$ cat data_29.pdb   # PDB, C-alpha atoms and all ligand atoms
ATOM      1  CA  MET A   1     -38.319 -60.507 -31.861
ATOM      2  CA  LEU A   2     -40.519 -58.931 -34.522
ATOM      3  CA  GLU A   3     -42.568 -61.998 -35.363
ATOM      4  CA  GLY A   4     -45.920 -61.046 -36.814
ATOM      5  CA  TYR A   5     -44.719 -57.689 -38.091
ATOM      6  CA  SER A   6     -44.974 -56.711 -41.721
ATOM      7  CA  GLU A   7     -42.714 -54.171 -43.359
ATOM      8  CA  LEU A   8     -43.115 -51.378 -45.840
ATOM      9  CA  GLY A   9     -40.779 -48.672 -47.012
ATOM     10  CA  ASP A  10     -37.636 -48.477 -49.072
ATOM     11  CA  ALA A  11     -33.897 -48.789 -48.638
ATOM     12  CA  ARG A  12     -33.704 -45.668 -46.440
ATOM     13  CA  ILE A  13     -36.784 -45.963 -44.266
ATOM     14  CA  GLY A  14     -38.426 -49.183 -43.100
ATOM     15  CA  ILE A  15     -41.647 -49.296 -41.143
ATOM     16  CA  ARG A  16     -42.589 -52.436 -39.214
ATOM     17  CA  TYR A  17     -46.228 -52.777 -38.236
ATOM     18  CA  VAL A  18     -48.818 -55.325 -37.242
ATOM     19  CA  GLU A  19     -52.095 -56.204 -38.876
ATOM     20  CA  GLY A  20     -54.587 -53.359 -38.881
ATOM     21  CA  GLU A  21     -51.896 -50.676 -38.611
ATOM     22  CA  GLY A  22     -51.145 -50.327 -42.307
ATOM     23  CA  SER A  23     -52.522 -46.828 -42.692
ATOM     24  CA  PHE A  24     -50.457 -45.495 -39.789
ATOM     25  CA  ALA A  25     -47.413 -47.277 -41.188
ATOM     26  CA  GLU A  26     -47.952 -45.584 -44.529
ATOM     27  CA  ARG A  27     -48.347 -42.238 -42.835
ATOM     28  CA  ALA A  28     -45.140 -42.764 -40.841
ATOM     29  CA  PHE A  29     -43.237 -43.594 -43.990
ATOM     30  CA  ALA A  30     -44.649 -40.583 -45.822
ATOM     31  CA  ALA A  31     -43.732 -38.223 -42.983
ATOM     32  CA  LEU A  32     -40.124 -39.392 -42.861
ATOM     33  CA  ASP A  33     -39.832 -39.685 -46.615
ATOM     34  CA  ALA A  34     -40.963 -36.069 -46.955
ATOM     35  CA  LYS A  35     -38.665 -34.601 -44.329
ATOM     36  CA  LEU A  36     -35.534 -36.725 -44.105
ATOM     37  CA  PRO A  37     -33.900 -35.151 -47.169
ATOM     38  CA  ALA A  38     -34.373 -31.647 -45.756
ATOM     39  CA  LEU A  39     -32.997 -32.798 -42.443
ATOM     40  CA  THR A  40     -29.848 -34.372 -43.840
ATOM     41  CA  SER A  41     -29.450 -31.331 -46.070
ATOM     42  CA  TYR A  42     -29.752 -28.999 -43.087
ATOM     43  CA  PHE A  43     -26.959 -30.880 -41.339
ATOM     44  CA  GLU A  44     -24.934 -31.233 -44.550
ATOM     45  CA  VAL A  45     -24.804 -35.001 -44.192
ATOM     46  CA  SER A  46     -22.627 -36.111 -47.083
ATOM     47  CA  GLU A  47     -21.944 -39.513 -45.584
ATOM     48  CA  PRO A  48     -24.465 -42.209 -46.506
ATOM     49  CA  PHE A  49     -27.059 -42.068 -43.767
ATOM     50  CA  PRO A  50     -27.876 -45.540 -42.464
ATOM     51  CA  PRO A  51     -31.389 -46.904 -42.944
ATOM     52  CA  ILE A  52     -33.939 -45.864 -40.356
ATOM     53  CA  ARG A  53     -36.193 -48.524 -38.897
ATOM     54  CA  VAL A  54     -39.475 -47.586 -37.244
ATOM     55  CA  VAL A  55     -41.396 -50.195 -35.280
ATOM     56  CA  LEU A  56     -45.000 -49.141 -34.835
ATOM     57  CA  VAL A  57     -46.349 -50.947 -31.792
ATOM     58  CA  PRO A  58     -50.014 -51.480 -30.930
ATOM     59  CA  SER A  59     -49.850 -51.348 -27.131
ATOM     60  CA  ARG A  60     -47.976 -50.067 -24.087
ATOM     61  CA  ASP A  61     -46.824 -53.576 -23.215
ATOM     62  CA  GLU A  62     -45.328 -54.066 -26.640
ATOM     63  CA  PHE A  63     -43.730 -50.629 -26.494
ATOM     64  CA  ASP A  64     -42.016 -51.512 -23.222
ATOM     65  CA  ARG A  65     -40.961 -54.941 -24.492
ATOM     66  CA  LEU A  66     -39.312 -53.632 -27.642
ATOM     67  CA  VAL A  67     -37.697 -50.612 -26.012
ATOM     68  CA  ARG A  68     -35.975 -53.038 -23.684
ATOM     69  CA  GLU A  69     -35.349 -55.999 -25.968
ATOM     70  CA  LEU A  70     -34.817 -54.363 -29.346
ATOM     71  CA  LEU A  71     -33.376 -50.970 -28.393
ATOM     72  CA  ARG A  72     -31.829 -52.233 -25.168
ATOM     73  CA  VAL A  73     -32.874 -49.068 -23.392
ATOM     74  CA  GLU A  74     -33.896 -49.437 -19.773
ATOM     75  CA  ILE A  75     -37.202 -47.782 -18.978
ATOM     76  CA  GLU A  76     -39.710 -48.011 -16.218
ATOM     77  CA  VAL A  77     -42.453 -50.592 -16.746
ATOM     78  CA  PRO A  78     -45.118 -49.754 -17.444
ATOM     79  CA  SER A  79     -43.632 -46.708 -19.057
ATOM     80  CA  HIS A  80     -45.092 -43.257 -18.598
ATOM     81  CA  PRO A  81     -48.199 -42.438 -20.679
ATOM     82  CA  ALA A  82     -46.346 -39.427 -22.089
ATOM     83  CA  ARG A  83     -43.749 -41.716 -23.636
ATOM     84  CA  ILE A  84     -44.837 -42.524 -27.155
ATOM     85  CA  ALA A  85     -41.549 -42.793 -29.005
ATOM     86  CA  GLN A  86     -38.082 -43.991 -28.160
ATOM     87  CA  PRO A  87     -35.125 -43.714 -30.513
ATOM     88  CA  GLN A  88     -31.826 -45.513 -30.264
ATOM     89  CA  ARG A  89     -29.236 -45.086 -32.992
ATOM     90  CA  THR A  90     -31.285 -45.560 -36.192
ATOM     91  CA  ASP A  91     -34.142 -47.530 -34.677
ATOM     92  CA  MET A  92     -37.233 -46.098 -33.115
ATOM     93  CA  VAL A  93     -40.101 -47.736 -31.314
ATOM     94  CA  VAL A  94     -43.265 -45.697 -31.697
ATOM     95  CA  LEU A  95     -46.652 -46.246 -30.104
ATOM     96  CA  SER A  96     -49.261 -46.429 -32.815
ATOM     97  CA  PRO A  97     -51.888 -43.690 -32.727
ATOM     98  CA  SER A  98     -54.435 -46.509 -32.584
ATOM     99  CA  ALA A  99     -53.275 -47.051 -28.997
ATOM    100  CA  TYR A 100     -53.173 -43.404 -27.911
ATOM    101  CA  GLU A 101     -56.570 -43.339 -26.289
ATOM    102  CA  LYS A 102     -55.983 -46.390 -24.114
ATOM    103  CA  HIS A 103     -52.241 -46.267 -23.623
ATOM    104  CA  SER A 104     -51.024 -42.667 -23.769
ATOM    105  CA  ALA A 105     -51.568 -39.141 -22.555
ATOM    106  CA  PHE A 106     -52.166 -37.943 -26.115
ATOM    107  CA  ASP A 107     -54.974 -37.518 -28.572
ATOM    108  CA  TYR A 108     -54.149 -38.392 -32.144
ATOM    109  CA  VAL A 109     -53.514 -35.391 -34.352
ATOM    110  CA  PRO A 110     -52.105 -36.493 -37.714
ATOM    111  CA  ALA A 111     -49.729 -33.558 -38.186
ATOM    112  CA  GLU A 112     -48.407 -34.035 -34.660
ATOM    113  CA  PHE A 113     -47.713 -37.703 -35.358
ATOM    114  CA  ASP A 114     -45.707 -36.643 -38.408
ATOM    115  CA  ARG A 115     -43.693 -34.169 -36.370
ATOM    116  CA  LEU A 116     -43.093 -36.740 -33.666
ATOM    117  CA  LEU A 117     -41.368 -38.995 -36.185
ATOM    118  CA  VAL A 118     -39.293 -36.133 -37.487
ATOM    119  CA  HIS A 119     -38.386 -35.143 -33.930
ATOM    120  CA  GLU A 120     -36.987 -38.629 -33.385
ATOM    121  CA  ALA A 121     -35.203 -38.498 -36.734
ATOM    122  CA  VAL A 122     -33.456 -35.297 -35.592
ATOM    123  CA  HIS A 123     -32.132 -37.223 -32.595
ATOM    124  CA  MET A 124     -30.873 -39.906 -34.976
ATOM    125  CA  VAL A 125     -29.043 -37.448 -37.201
ATOM    126  CA  GLU A 126     -27.526 -35.712 -34.185
ATOM    127  CA  GLU A 127     -26.337 -39.048 -32.801
ATOM    128  CA  PHE A 128     -24.934 -40.035 -36.184
ATOM    129  CA  LEU A 129     -22.882 -36.845 -36.472
ATOM    130  CA  SER A 130     -21.962 -36.197 -32.871
ATOM    131  CA  PRO A 131     -18.452 -37.055 -31.670
ATOM    132  CA  ASP A 132     -20.000 -38.008 -28.311
ATOM    133  CA  ILE A 133     -23.786 -38.054 -28.094
ATOM    134  CA  GLU A 134     -23.630 -38.988 -24.433
ATOM    135  CA  ALA A 135     -22.069 -35.605 -23.702
ATOM    136  CA  SER A 136     -24.685 -33.668 -25.645
ATOM    137  CA  PRO A 137     -26.793 -31.673 -23.188
ATOM    138  CA  GLY A 138     -30.502 -32.407 -22.976
ATOM    139  CA  TRP A 139     -31.509 -28.834 -23.756
ATOM    140  CA  TRP A 140     -29.451 -28.979 -26.962
ATOM    141  CA  GLY A 141     -30.733 -32.336 -28.227
ATOM    142  CA  GLU A 142     -34.342 -31.625 -27.364
ATOM    143  CA  GLY A 143     -34.013 -28.036 -28.530
ATOM    144  CA  LEU A 144     -32.807 -29.191 -31.941
ATOM    145  CA  ALA A 145     -35.524 -31.832 -32.194
ATOM    146  CA  VAL A 146     -38.354 -29.540 -31.079
ATOM    147  CA  HIS A 147     -37.155 -26.688 -33.294
ATOM    148  CA  LEU A 148     -36.357 -28.637 -36.446
ATOM    149  CA  SER A 149     -39.468 -30.800 -36.251
ATOM    150  CA  GLY A 150     -41.580 -27.645 -36.182
ATOM    151  CA  GLN A 151     -43.147 -28.599 -32.854
ATOM    152  CA  SER A 152     -42.036 -25.307 -31.375
ATOM    153  CA  ARG A 153     -43.767 -23.445 -34.118
ATOM    154  CA  TYR A 154     -47.001 -25.349 -34.424
ATOM    155  CA  GLU A 155     -47.735 -27.131 -31.159
ATOM    156  CA  ASP A 156     -48.926 -25.472 -27.999
ATOM    157  CA  GLY A 157     -47.623 -28.396 -25.990
ATOM    158  CA  PHE A 158     -44.133 -27.188 -26.808
ATOM    159  CA  ARG A 159     -44.741 -23.466 -27.391
ATOM    160  CA  LYS A 160     -47.044 -22.257 -24.746
ATOM    161  CA  ALA A 161     -44.796 -22.450 -21.688
ATOM    162  CA  ALA A 162     -42.199 -20.150 -23.232
ATOM    163  CA  VAL A 163     -44.716 -17.862 -24.901
ATOM    164  CA  ALA A 164     -46.676 -17.463 -21.656
ATOM    165  CA  ALA A 165     -43.556 -16.899 -19.575
ATOM    166  CA  VAL A 166     -42.295 -14.244 -21.973
ATOM    167  CA  ALA A 167     -45.664 -12.478 -21.846
ATOM    168  CA  ALA A 168     -45.663 -12.653 -18.054
ATOM    169  CA  LYS A 169     -42.036 -11.464 -17.876
ATOM    170  CA  ALA A 170     -41.196 -14.680 -16.052
ATOM    171  CA  ILE A 171     -38.343 -15.962 -18.210
ATOM    172  CA  PRO A 172     -36.170 -18.360 -16.201
ATOM    173  CA  PRO A 173     -32.432 -17.745 -15.841
ATOM    174  CA  LEU A 174     -30.560 -19.105 -18.841
ATOM    175  CA  GLY A 175     -28.349 -21.071 -16.468
ATOM    176  CA  ARG A 176     -31.386 -23.063 -15.371
ATOM    177  CA  VAL A 177     -32.502 -23.724 -18.932
ATOM    178  CA  LEU A 178     -29.071 -25.133 -19.689
ATOM    179  CA  THR A 179     -28.861 -27.374 -16.643
ATOM    180  CA  ASP A 180     -32.361 -28.313 -15.493
ATOM    181  CA  GLY A 181     -33.557 -31.266 -17.567
ATOM    182  CA  ALA A 182     -37.170 -30.443 -16.803
ATOM    183  CA  LEU A 183     -36.840 -27.279 -18.908
ATOM    184  CA  ALA A 184     -35.265 -28.943 -21.945
ATOM    185  CA  TYR A 185     -38.505 -29.393 -23.897
ATOM    186  CA  ASP A 186     -40.061 -26.063 -23.006
ATOM    187  CA  TRP A 187     -37.005 -23.830 -23.399
ATOM    188  CA  GLY A 188     -34.167 -25.606 -25.192
ATOM    189  CA  TRP A 189     -35.613 -24.738 -28.582
ATOM    190  CA  THR A 190     -35.615 -21.024 -27.790
ATOM    191  CA  VAL A 191     -31.847 -21.080 -27.358
ATOM    192  CA  VAL A 192     -31.369 -23.200 -30.476
ATOM    193  CA  GLN A 193     -33.581 -20.820 -32.433
ATOM    194  CA  LEU A 194     -31.581 -17.829 -31.241
ATOM    195  CA  ILE A 195     -28.288 -19.490 -32.157
ATOM    196  CA  GLU A 196     -29.632 -20.304 -35.607
ATOM    197  CA  ARG A 197     -30.818 -16.725 -36.079
ATOM    198  CA  ALA A 198     -27.748 -15.051 -34.663
ATOM    199  CA  TYR A 199     -25.009 -17.350 -35.960
ATOM    200  CA  GLY A 200     -26.642 -19.201 -38.819
ATOM    201  CA  ARG A 201     -27.370 -22.790 -39.607
ATOM    202  CA  GLU A 202     -23.693 -23.463 -40.250
ATOM    203  CA  ARG A 203     -22.856 -22.863 -36.602
ATOM    204  CA  ILE A 204     -25.550 -25.303 -35.506
ATOM    205  CA  VAL A 205     -24.038 -27.897 -37.825
ATOM    206  CA  ARG A 206     -20.551 -27.209 -36.532
ATOM    207  CA  ILE A 207     -21.638 -27.611 -32.941
ATOM    208  CA  VAL A 208     -23.382 -30.905 -33.671
ATOM    209  CA  ARG A 209     -20.366 -32.242 -35.540
ATOM    210  CA  GLU A 210     -17.611 -30.934 -33.300
ATOM    211  CA  CYS A 211     -18.871 -30.458 -29.762
ATOM    212  CA  ALA A 212     -17.509 -33.446 -27.867
ATOM    213  CA  ASP A 213     -17.776 -32.286 -24.274
ATOM    214  CA  GLY A 214     -21.271 -30.803 -24.103
ATOM    215  CA  ASP A 215     -20.009 -27.214 -23.916
ATOM    216  CA  VAL A 216     -22.188 -25.775 -26.666
ATOM    217  CA  LEU A 217     -21.675 -22.197 -25.532
ATOM    218  CA  ALA A 218     -17.933 -22.503 -26.165
ATOM    219  CA  PHE A 219     -18.785 -22.466 -29.882
ATOM    220  CA  LEU A 220     -20.349 -19.016 -29.623
ATOM    221  CA  ASP A 221     -18.393 -15.790 -29.747
ATOM    222  CA  GLU A 222     -19.732 -14.320 -26.547
ATOM    223  CA  SER A 223     -19.825 -14.897 -22.829
ATOM    224  CA  ALA A 224     -22.705 -16.671 -21.134
ATOM    225  CA  GLU A 225     -23.746 -13.327 -19.646
ATOM    226  CA  THR A 226     -23.864 -11.615 -23.026
ATOM    227  CA  LEU A 227     -25.723 -14.549 -24.516
ATOM    228  CA  GLU A 228     -28.262 -14.470 -21.731
ATOM    229  CA  SER A 229     -28.839 -10.775 -22.173
ATOM    230  CA  ARG A 230     -29.217 -11.204 -25.920
ATOM    231  CA  TRP A 231     -31.576 -14.149 -25.444
ATOM    232  CA  ARG A 232     -33.817 -12.210 -23.035
ATOM    233  CA  THR A 233     -33.958  -9.169 -25.252
ATOM    234  CA  TRP A 234     -34.733 -11.324 -28.265
ATOM    235  CA  LEU A 235     -37.537 -13.148 -26.422
ATOM    236  CA  VAL A 236     -39.096  -9.954 -25.089
ATOM    237  CA  ASP A 237     -38.862  -8.300 -28.495
ATOM    238  CA  GLY A 238     -40.961 -11.070 -30.034
ATOM    239  CA  GLY A 239     -38.140 -13.060 -31.576
ATOM    240  CA  LEU A 240     -39.764 -16.481 -31.326
ATOM    241  CA  GLU A 241     -40.956 -17.878 -34.603
ATOM    242  CA  GLU A 242     -44.668 -17.643 -35.127
ATOM    243  CA  PRO A 243     -46.879 -20.396 -36.486
ATOM    244  CA  SER A 244     -47.202 -20.249 -40.218
ATOM    245  CA  ASP A 245     -49.345 -22.047 -42.721
ATOM    246  CA  GLU A 246     -46.439 -22.297 -45.094
ATOM    247  CA  GLU A 247     -44.175 -25.270 -44.983
ATOM    248  CA  GLU A 248     -40.689 -24.587 -46.166
ATOM    249  CA  THR A 249     -39.842 -26.383 -49.347
ATOM    250  CA  ASP A 250     -36.293 -25.227 -49.829
ATOM    251  CA  GLY A 251     -34.221 -28.238 -48.922
ATOM    252  CA  THR A 252     -31.388 -26.074 -47.714
ATOM    253  CA  ALA A 253     -33.555 -24.183 -45.291
ATOM    254  CA  ARG A 254     -34.742 -25.348 -41.919
ATOM    255  CA  PRO A 255     -36.692 -28.498 -42.612
ATOM    256  CA  GLY A 256     -40.017 -27.177 -41.369
ATOM    257  CA  LEU A 257     -40.503 -30.598 -39.921
ATOM    258  CA  VAL A 258     -42.855 -30.793 -37.132
ATOM    259  CA  ASP A 259     -44.005 -33.032 -34.344
ATOM    260  CA  GLY A 260     -43.458 -34.024 -30.781
ATOM    261  CA  SER A 261     -41.919 -36.851 -28.963
ATOM    262  CA  ALA A 262     -42.455 -37.358 -25.320
ATOM    263  CA  SER A 263     -39.221 -39.120 -24.718
ATOM    264  CA  ASP A 264     -35.636 -38.976 -25.751
ATOM    265  CA  PRO A 265     -32.602 -41.229 -25.770
ATOM    266  CA  ARG A 266     -31.495 -39.878 -22.440
ATOM    267  CA  GLY A 267     -34.663 -41.144 -20.876
ATOM    268  CA  TRP A 268     -36.396 -37.842 -20.264
ATOM    269  CA  THR A 269     -40.122 -37.547 -20.335
ATOM    270  CA  ARG A 270     -41.892 -34.374 -21.123
ATOM    271  CA  PRO A 271     -44.171 -33.681 -18.165
ATOM    272  CA  SER A 272     -47.624 -34.827 -19.150
ATOM    273  CA  GLU A 273     -49.205 -31.699 -17.758
ATOM    274  CA  THR A 274     -47.514 -29.699 -20.462
ATOM    275  CA  THR A 275     -48.946 -31.845 -23.198
ATOM    276  CA  VAL A 276     -52.117 -31.151 -25.073
TER     277      VAL A 276
HETATM  278 ZN    ZN B 301     -36.659 -35.818 -27.992
END

$ encode --input "data_29.pdb" --output "structure tokens"
Amino acid sequence: MLEGYSELGDARIGIRYVEGEGSFAERAFAALDAKLPALTSYFEVSEPFPPIRVVLVPSRDEFDRLVRELLRVEIEVPSHPARIAQPQRTDMVVLSPSAYEKHSAFDYVPAEFDRLLVHEAVHMVEEFLSPDIEASPGWWGEGLAVHLSGQSRYEDGFRKAAVAAVAAKAIPPLGRVLTDGALAYDWGWTVVQLIERAYGRERIVRIVRECADGDVLAFLDESAETLESRWRTWLVDGGLEEPSDEEETDGTARPGLVDGSASDPRGWTRPSETTV
């Protein structure tokens, strides 16, 4: 199925790529190599984490073929131009930046490519630890991935909807954020960020490891109404993390990983009009 692909990497991270894509393959490896330890540290993964395999594909056709044949994930064909990465367990199929111009809605920005890979790796760690990933709500999975990859801090494509809505006093009801899949990318991270701030990283880890029915709020010590009020106040008071030039280096802190994926294992696509 991967005839013609070369491989680079090590025992933890393998990158498959075709001729001419070596530099992007090296970049993909470097991005994951740099951030995976912080990510597994954040989630206190003491179990051996299985090897991650990234397949860097050179075209939309090849992306669709491998998502279906290798990952066995059903997607529309041709898939949406905003889909550039698809994870499944510890595999991910990623459209090479060399194909962005012709086959995607994105322009290549190196740091964003790095964050995209980390975003997908967050999904992998969540799936690895979760008692039932299928029950994990979209806002939670995407919120974790957007927050921990750093996309929410550094990329307008993820930040601007929430920042603009807060400024315009047009924050949606929390109930919508938690149920409307279309808001998962734009708003999920704000709730994750609040939970991390208010309850600490440990609570995030506990929820990922123990929440089996999708009821994330049941792990918080307050009613949905109180949480909503706290969330709104926090947003209006400027609680959202600001972009920073400093990458965190403390492995026990939030990974400071950053980048954006346009798709997730549940088959959602970030609306292309929100991308940059
Ligand atoms: Zn995602």

$ closest_residue --input "data_29.pdb" --among "A:Asp186, A:Ala30, A:Met124, A:Trp231" --to "Leu174 of chain A" --atoms "only C-alpha atoms"
A:Trp231

$ atom_distance --input "data_29.pdb" --atom1 "atom CA of Ala168 of chain A" --atom2 "atom CA of Thr190 of chain A"
16.3 Å

$ closest_residue --input "data_29.pdb" --among "A:Phe29, A:Trp234, A:Tyr185, A:Trp139" --to "Lys160 of chain A" --atoms "only C-alpha atoms"
A:Tyr185

$ closest_residue --input "data_29.pdb" --among "A:Leu227, A:Ile13, A:Val18, A:Val146" --to "ligand ZN 301 (chain B)" --atoms "all atoms listed in the file"
A:Val146

$ resolve_selection --input "data_29.pdb" --expression "the PyMOL selection byres (((chain A and resi 52) around 12) and not hetatm)" --output "VMD selection string"
chain A and resid 9 to 16 28 to 29 32 to 33 36 48 to 51 53 to 55 87 to 93 117 to 118 120 to 125 128

$ residues_around --input "data_29.pdb" --residues "Ser229 of chain A" --least-positions-apart "4" --cutoff "12 Å" --atoms "all atoms listed in the file" --output "ChimeraX atom specification"
/A:171,173-175,191,194,222-225,233-236

$ resolve_selection --input "data_29.pdb" --expression "the PyMOL selection byres (((chain A and resi 206) around 12) and not hetatm)" --output "list in words"
Tyr42, Phe43, Glu44, Val45, Glu126, Leu129, Ser130, Pro131, Ile195, Glu196, Tyr199, Gly200, Arg201, Glu202, Arg203, Ile204, Val205, Ile207, Val208, Arg209, Glu210, Cys211, Ala212, Val216, Ala218, Phe219 and Leu220 of chain A

$ resolve_selection --input "data_29.pdb" --expression "the PyMOL selection byres (((chain A and resi 138) around 10) and not hetatm)" --output "PyMOL selection string"
chain A and resi 134-137+139-144+177-185+188+214+264-268

$ atom_distance --input "data_29.pdb" --atom1 "atom CA of Glu228 of chain A" --atom2 "atom CA of Gly150 of chain A"
23.7 Å

$ residues_near_point --input "data_29.pdb" --point "(-50.5, -57.2, -37.2)" --cutoff "10 Å" --atoms "only C-alpha atoms" --output "ChimeraX atom specification"
/A:3-6,16-22,57-58

$ closest_residue --input "data_29.pdb" --among "A:Leu95, A:Val67, A:Glu62, A:Ala145" --to "ligand ZN 301 (chain B)" --atoms "all atoms listed in the file"
A:Ala145
